[in-house]
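Dumped target24.txt below, it's compact mmCIF, C-alpha atoms:
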# COMPACT_ATOMS: atom_id res chain seq x y z
CA MET D 1 -48.69 -42.39 -27.76
CA LYS D 2 -51.55 -41.51 -25.40
CA LYS D 3 -49.12 -41.66 -22.48
CA ILE D 4 -46.83 -39.11 -24.16
CA ILE D 5 -49.74 -36.72 -24.78
CA LEU D 6 -50.85 -37.10 -21.14
CA LEU D 7 -47.28 -36.49 -19.95
CA VAL D 8 -46.94 -33.30 -22.04
CA SER D 9 -50.35 -32.07 -20.78
CA PHE D 10 -49.35 -32.78 -17.18
CA LEU D 11 -46.05 -30.94 -17.58
CA LEU D 12 -47.72 -27.90 -19.14
CA THR D 13 -50.25 -27.81 -16.26
CA LEU D 14 -47.41 -28.13 -13.77
CA GLN D 15 -45.67 -25.17 -15.43
CA LEU D 16 -48.76 -22.98 -15.06
CA ALA D 17 -49.00 -23.76 -11.35
CA SER D 18 -45.29 -23.45 -10.65
CA GLN D 19 -43.64 -20.38 -9.15
CA GLU D 20 -40.22 -21.35 -10.50
CA LYS D 21 -39.75 -21.48 -14.26
CA LEU D 22 -38.78 -25.10 -15.04
CA GLY D 23 -38.59 -24.76 -18.80
CA ARG D 24 -40.34 -23.48 -21.87
CA PRO D 25 -42.78 -24.78 -24.50
CA PHE D 26 -41.86 -24.83 -28.18
CA PHE D 27 -43.09 -25.53 -31.68
CA THR D 28 -40.84 -27.16 -34.26
CA GLY D 29 -40.80 -27.98 -37.95
CA SER D 30 -38.34 -29.40 -40.46
CA SER D 31 -37.83 -30.79 -43.92
CA SER D 32 -35.23 -33.42 -44.81
CA LEU D 33 -33.90 -35.19 -47.87
CA THR D 34 -32.56 -38.73 -48.07
CA PHE D 35 -29.76 -39.37 -50.53
CA ALA D 36 -28.56 -42.62 -52.14
CA ILE D 37 -25.95 -43.72 -54.63
CA ASN D 38 -27.28 -43.51 -58.20
CA GLU D 39 -27.56 -47.03 -59.70
CA ASN D 40 -27.09 -45.57 -63.19
CA TYR D 41 -23.83 -43.80 -62.32
CA THR D 42 -20.73 -44.81 -64.25
CA ILE D 43 -17.15 -43.65 -63.93
CA THR D 44 -17.26 -42.25 -67.46
CA PRO D 45 -17.07 -38.46 -67.02
CA ASP D 46 -19.55 -37.57 -69.79
CA ASP D 47 -22.46 -39.85 -68.88
CA GLY D 48 -24.43 -37.00 -67.27
CA GLU D 49 -25.45 -39.07 -64.23
CA PRO D 50 -24.69 -37.72 -60.72
CA PHE D 51 -23.07 -40.02 -58.16
CA ILE D 52 -25.55 -39.20 -55.36
CA ILE D 53 -29.26 -38.50 -55.90
CA PRO D 54 -32.16 -37.60 -53.56
CA THR D 55 -34.59 -40.47 -52.99
CA ALA D 56 -37.05 -39.24 -50.35
CA ILE D 57 -38.42 -36.15 -48.62
CA PHE D 58 -39.62 -35.91 -45.02
CA LEU D 59 -41.73 -33.05 -43.63
CA ARG D 60 -42.22 -32.76 -39.86
CA ALA D 61 -44.10 -30.54 -37.37
CA GLY D 62 -44.49 -30.82 -33.63
CA PHE D 63 -44.77 -29.25 -30.20
CA GLY D 64 -43.05 -29.96 -26.93
CA TYR D 65 -41.51 -28.74 -23.73
CA GLU D 66 -37.86 -28.07 -22.89
CA PHE D 67 -36.68 -28.58 -19.28
CA LYS D 68 -33.90 -26.38 -17.90
CA ARG D 69 -32.40 -25.90 -21.41
CA ARG D 70 -31.09 -29.50 -21.37
CA VAL D 71 -33.83 -32.08 -22.00
CA ALA D 72 -36.92 -31.77 -24.20
CA ILE D 73 -39.86 -34.01 -24.98
CA SER D 74 -42.10 -33.48 -27.97
CA PHE D 75 -44.98 -34.93 -29.96
CA ASN D 76 -44.53 -34.84 -33.75
CA SER D 77 -46.25 -35.82 -36.94
CA GLY D 78 -45.19 -35.67 -40.53
CA PHE D 79 -45.29 -36.84 -44.11
CA ASP D 80 -42.66 -39.08 -45.73
CA TYR D 81 -42.43 -39.82 -49.44
CA HIS D 82 -39.87 -42.26 -50.88
CA TRP D 83 -40.29 -41.74 -54.62
CA ASN D 84 -37.87 -44.52 -55.60
CA TYR D 85 -40.31 -47.03 -53.95
CA ALA D 86 -43.52 -44.98 -54.41
CA VAL D 87 -44.09 -45.20 -50.64
CA SER D 88 -45.97 -42.54 -48.67
CA ALA D 89 -46.25 -42.60 -44.89
CA PHE D 90 -47.54 -40.44 -42.05
CA PRO D 91 -45.43 -40.95 -38.92
CA THR D 92 -46.68 -39.81 -35.50
CA TYR D 93 -44.15 -40.15 -32.74
CA GLY D 94 -42.77 -38.91 -29.46
CA SER D 95 -39.20 -37.65 -29.13
CA LEU D 96 -36.69 -37.23 -26.35
CA LYS D 97 -34.00 -34.64 -27.07
CA PHE D 98 -30.86 -34.09 -25.00
CA ASN D 99 -28.57 -31.08 -25.48
CA ILE D 100 -25.02 -32.48 -25.34
CA THR D 101 -23.30 -29.10 -25.37
CA GLU D 102 -24.49 -25.51 -25.13
CA ASP D 103 -22.58 -22.37 -26.10
CA GLU D 104 -24.63 -19.29 -25.27
CA ASP D 105 -27.94 -20.22 -26.96
CA ASP D 106 -26.42 -22.55 -29.60
CA THR D 107 -26.66 -26.27 -28.84
CA PHE D 108 -25.46 -29.61 -30.17
CA PHE D 109 -28.04 -32.33 -29.47
CA MET D 110 -29.09 -35.93 -29.93
CA GLU D 111 -32.70 -36.99 -30.32
CA MET D 112 -34.46 -40.37 -30.13
CA SER D 113 -37.93 -40.99 -31.52
CA TYR D 114 -40.48 -43.78 -31.36
CA GLY D 115 -44.01 -43.99 -32.68
CA LYS D 116 -46.47 -45.29 -35.22
CA MET D 117 -46.32 -44.97 -38.98
CA TRP D 118 -49.61 -44.80 -40.84
CA ARG D 119 -49.91 -45.88 -44.46
CA PRO D 120 -52.52 -44.34 -46.79
CA SER D 121 -52.67 -47.37 -49.12
CA ASN D 122 -53.28 -51.08 -48.70
CA LYS D 123 -50.06 -52.03 -50.51
CA TYR D 124 -48.12 -51.96 -47.21
CA SER D 125 -49.51 -52.23 -43.70
CA ASP D 126 -49.09 -49.67 -40.91
CA GLY D 127 -45.93 -50.12 -38.88
CA ASN D 128 -43.64 -48.74 -36.23
CA TYR D 129 -41.39 -45.73 -36.63
CA TYR D 130 -37.97 -45.31 -35.00
CA GLY D 131 -35.53 -42.45 -35.32
CA PHE D 132 -32.19 -41.29 -33.99
CA GLY D 133 -30.50 -38.02 -34.88
CA LEU D 134 -27.74 -35.59 -34.17
CA GLY D 135 -28.01 -31.89 -34.87
CA THR D 136 -27.24 -28.34 -33.99
CA GLN D 137 -29.63 -25.61 -32.96
CA ILE D 138 -28.41 -22.13 -33.87
CA ALA D 139 -29.88 -19.24 -31.90
CA GLY D 140 -31.57 -16.60 -34.00
CA GLU D 141 -33.64 -13.47 -33.58
CA LYS D 142 -35.70 -13.45 -30.39
CA ARG D 143 -37.35 -16.89 -30.00
CA TRP D 144 -36.63 -18.36 -33.47
CA ASN D 145 -33.82 -20.92 -33.81
CA THR D 146 -32.47 -22.70 -36.89
CA ILE D 147 -31.85 -26.45 -36.76
CA VAL D 148 -29.52 -28.50 -38.99
CA ARG D 149 -29.71 -32.25 -38.42
CA LEU D 150 -28.60 -35.69 -39.59
CA ASP D 151 -31.14 -38.45 -38.81
CA PHE D 152 -31.45 -42.23 -39.11
CA HIS D 153 -35.04 -43.41 -39.74
CA ARG D 154 -36.41 -46.96 -39.57
CA LYS D 155 -39.93 -47.69 -40.77
CA GLY D 156 -41.42 -51.12 -40.15
CA LEU D 157 -42.91 -52.12 -43.53
CA ILE D 158 -43.81 -55.74 -44.26
CA GLY D 159 -42.74 -56.58 -47.80
CA PHE D 160 -39.39 -54.80 -47.76
CA GLU D 161 -36.06 -56.52 -47.11
CA ASN D 162 -36.04 -57.49 -43.39
CA ASN D 163 -39.57 -55.94 -43.23
CA ARG D 164 -38.23 -52.42 -42.79
CA LEU D 165 -37.18 -49.37 -44.76
CA ASP D 166 -34.07 -47.66 -43.36
CA SER D 167 -32.80 -44.26 -44.45
CA VAL D 168 -30.43 -41.49 -43.41
CA SER D 169 -31.53 -37.91 -44.03
CA LEU D 170 -30.06 -34.43 -43.92
CA GLY D 171 -32.50 -31.74 -42.83
CA ILE D 172 -33.07 -28.14 -41.92
CA GLY D 173 -35.76 -26.78 -39.65
CA PHE D 174 -36.74 -24.35 -36.93
CA THR D 175 -37.70 -24.21 -33.28
CA PHE D 176 -39.94 -21.44 -31.97
CA PHE D 177 -39.97 -21.03 -28.20
CA SER D 178 -43.34 -19.77 -27.00
CA THR D 179 -43.90 -17.30 -24.18
CA ILE D 180 -47.53 -18.35 -23.64
CA LEU D 181 -46.69 -19.95 -20.29
CA ASN D 182 -44.24 -17.31 -19.13
CA LYS D 183 -45.52 -15.81 -15.84
CA LYS D 184 -44.38 -12.32 -16.77
CA SER D 185 -46.30 -12.39 -20.05
CA LEU D 186 -49.48 -13.52 -18.25
CA ALA D 187 -49.38 -10.71 -15.69

What would the structure in this file look like if it were written as structure tokens?
Amino acid sequence: MKKIILLVSFLLTLQLASQEKLGRPFFTGSSSLTFAINENYTITPDDGEPFIIPTAIFLRAGFGYEFKRRVAISFNSGFDYHWNYAVSAFPTYGSLKFNITEDEDDTFFMEMSYGKMWRPSNKYSDGNYYGFGLGTQIAGEKRWNTIVRLDFHRKGLIGFENNRLDSVSLGIGFTFFSTILNKKSLA
């Protein structure tokens, strides 16, 4: 994790000293829900139970740097709560994002994440965090972009089946591209 922070700091310093604009810094945030099949669901139409129910919420925030509108690295942290297991976690992780396609300022991307997951209670120990996602970034007004994403999350938790908690989530978020390091805005 320290290496990722050092890499981001180095790249931001390089950007300040560079004559050519290599990329742009950004801030990001998102919220996601994980859904599962309801164990109480029956085929009887009047039972009042839905087939699919939400089982967890994930909140994320981060900052990073995008290179030549194609590749981005970021450092993120968040809060995860799986209410069906009463599990809370605070993941901190680095991400590598690659824009697969780009149409004007809209992109379709894939993102891989790796980091540490911190647990606030002694019931489960701290563990590793892994993520992989696909999503689309829709260009908006000025520097604001909307993100819609589908992610796979794996949390290493001793005590769960295979010592991990896997989930798939559907989320919505934003990316705000900063002009702090833009040479024209500094002049």

Nearest to D:Phe160, chosen from D:Gly29, D:Gly133, D:Pro120, D:Gly127, with all atoms listed in the file counted in the distances: D:Gly127

Point-to-point distance in Å for atom CA of D:Phe27 and atom CA of D:Ser125: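 Distance reported for this atom pair: 30.0 Å.
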
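For the pair atom CA of D:Phe109 and atom CA of D:Tyr129, the separation is 20.2 Å.
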
7 Å contact set for D:Gly78, all atoms listed in the file, chain neighbours under 3 positions out, as a ChimeraX atom specification: /D:59-61,90-92

Selection above as a file: C-alpha atoms, as an mmCIF file, keeping the file's coordinate frame:
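Once written, selection.cif looks like this:
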data_model
loop_
_atom_site.group_PDB
_atom_site.id
_atom_site.type_symbol
_atom_site.label_atom_id
_atom_site.label_comp_id
_atom_site.auth_asym_id
_atom_site.auth_seq_id
_atom_site.Cartn_x
_atom_site.Cartn_y
_atom_site.Cartn_z
ATOM 1 C CA LEU D 59 -41.730 -33.050 -43.630
ATOM 2 C CA ARG D 60 -42.220 -32.760 -39.860
ATOM 3 C CA ALA D 61 -44.100 -30.540 -37.370
ATOM 4 C CA PHE D 90 -47.540 -40.440 -42.050
ATOM 5 C CA PRO D 91 -45.430 -40.950 -38.920
ATOM 6 C CA THR D 92 -46.680 -39.810 -35.500
#

Selection: 8 Å around D:Arg119, all atoms listed in the file, excl. self and same-chain fewer than 3 positions, as a count of residues only: 7

Between atom CA of D:Ile158 and atom CA of D:Asn128, distance in Å (one decimal):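 Computing the Euclidean distance for atom CA of D:Ile158 and atom CA of D:Asn128 yields 10.7 Å.
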
Could you work out an axis-aligned bounding box for all listed atoms of stretch 115-134 of chain D, with 3 Å added on each of the six sides, and give its centre and edge lengths in Å to one decimal, as AutoDock Vina command-line options?
--center_x -40.5 --center_y -43.9 --center_z -41.6 --size_x 31.5 --size_y 22.6 --size_z 23.8

Can I get the residues of stretch 60-108 of chain D within 12 Å of stretch 35-46 of chain D, each with the closest pair of atoms and their distance in Å to one decimal, using all atoms listed in the file, sorted chain first then ascending number, as a Markdown table?
| residue | atom | partner | partner_atom | distance |
| --- | --- | --- | --- | --- |
| D:His82 | CA | D:Phe35 | CA | 10.5 |
| D:Trp83 | CA | D:Phe35 | CA | 11.5 |
| D:Asn84 | CA | D:Ala36 | CA | 10.1 |

Exercise: residues within 10 Å of coordinate (-34.4, -30.1, -41.5), counting all atoms listed in the file, as a PyMOL selection string: chain D and resi 29-33+58-60+135+146-151+169-174

Given all atoms listed in the file as the counted atoms, nearest of D:Glu111, D:Glu102, D:Glu66, D:Glu161 to D:Leu134: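 Using all atoms listed in the file, D:Leu134 sits closest to D:Glu111.
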
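Residues in contact with D:Thr34 at 6 Å, where all atoms listed in the file are counted and same-chain residues fewer than 4 positions away are skipped, are listed as Pro54, Thr55, Ala56, Val168 and Ser169 of chain D.
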
Residues within 7 Å of D:Gly62, all atoms listed in the file, excluding chain neighbours under 4 positions, as a list in words: Phe27, Thr28, Gly29, Ser74, Phe75, Asn76 and Ser77 of chain D

For D:Phe98, the nearest of the candidates D:Gln137, D:Met110, D:Pro25, D:Tyr130, counting only C-alpha atoms: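 The answer is D:Met110, which sits nearest to D:Phe98.
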
D:Ile138, D:Thr175, D:Phe79, D:Gly115 ranked by distance to D:Phe63, top pick (using all atoms listed in the file):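 Nearest to D:Phe63: D:Thr175.
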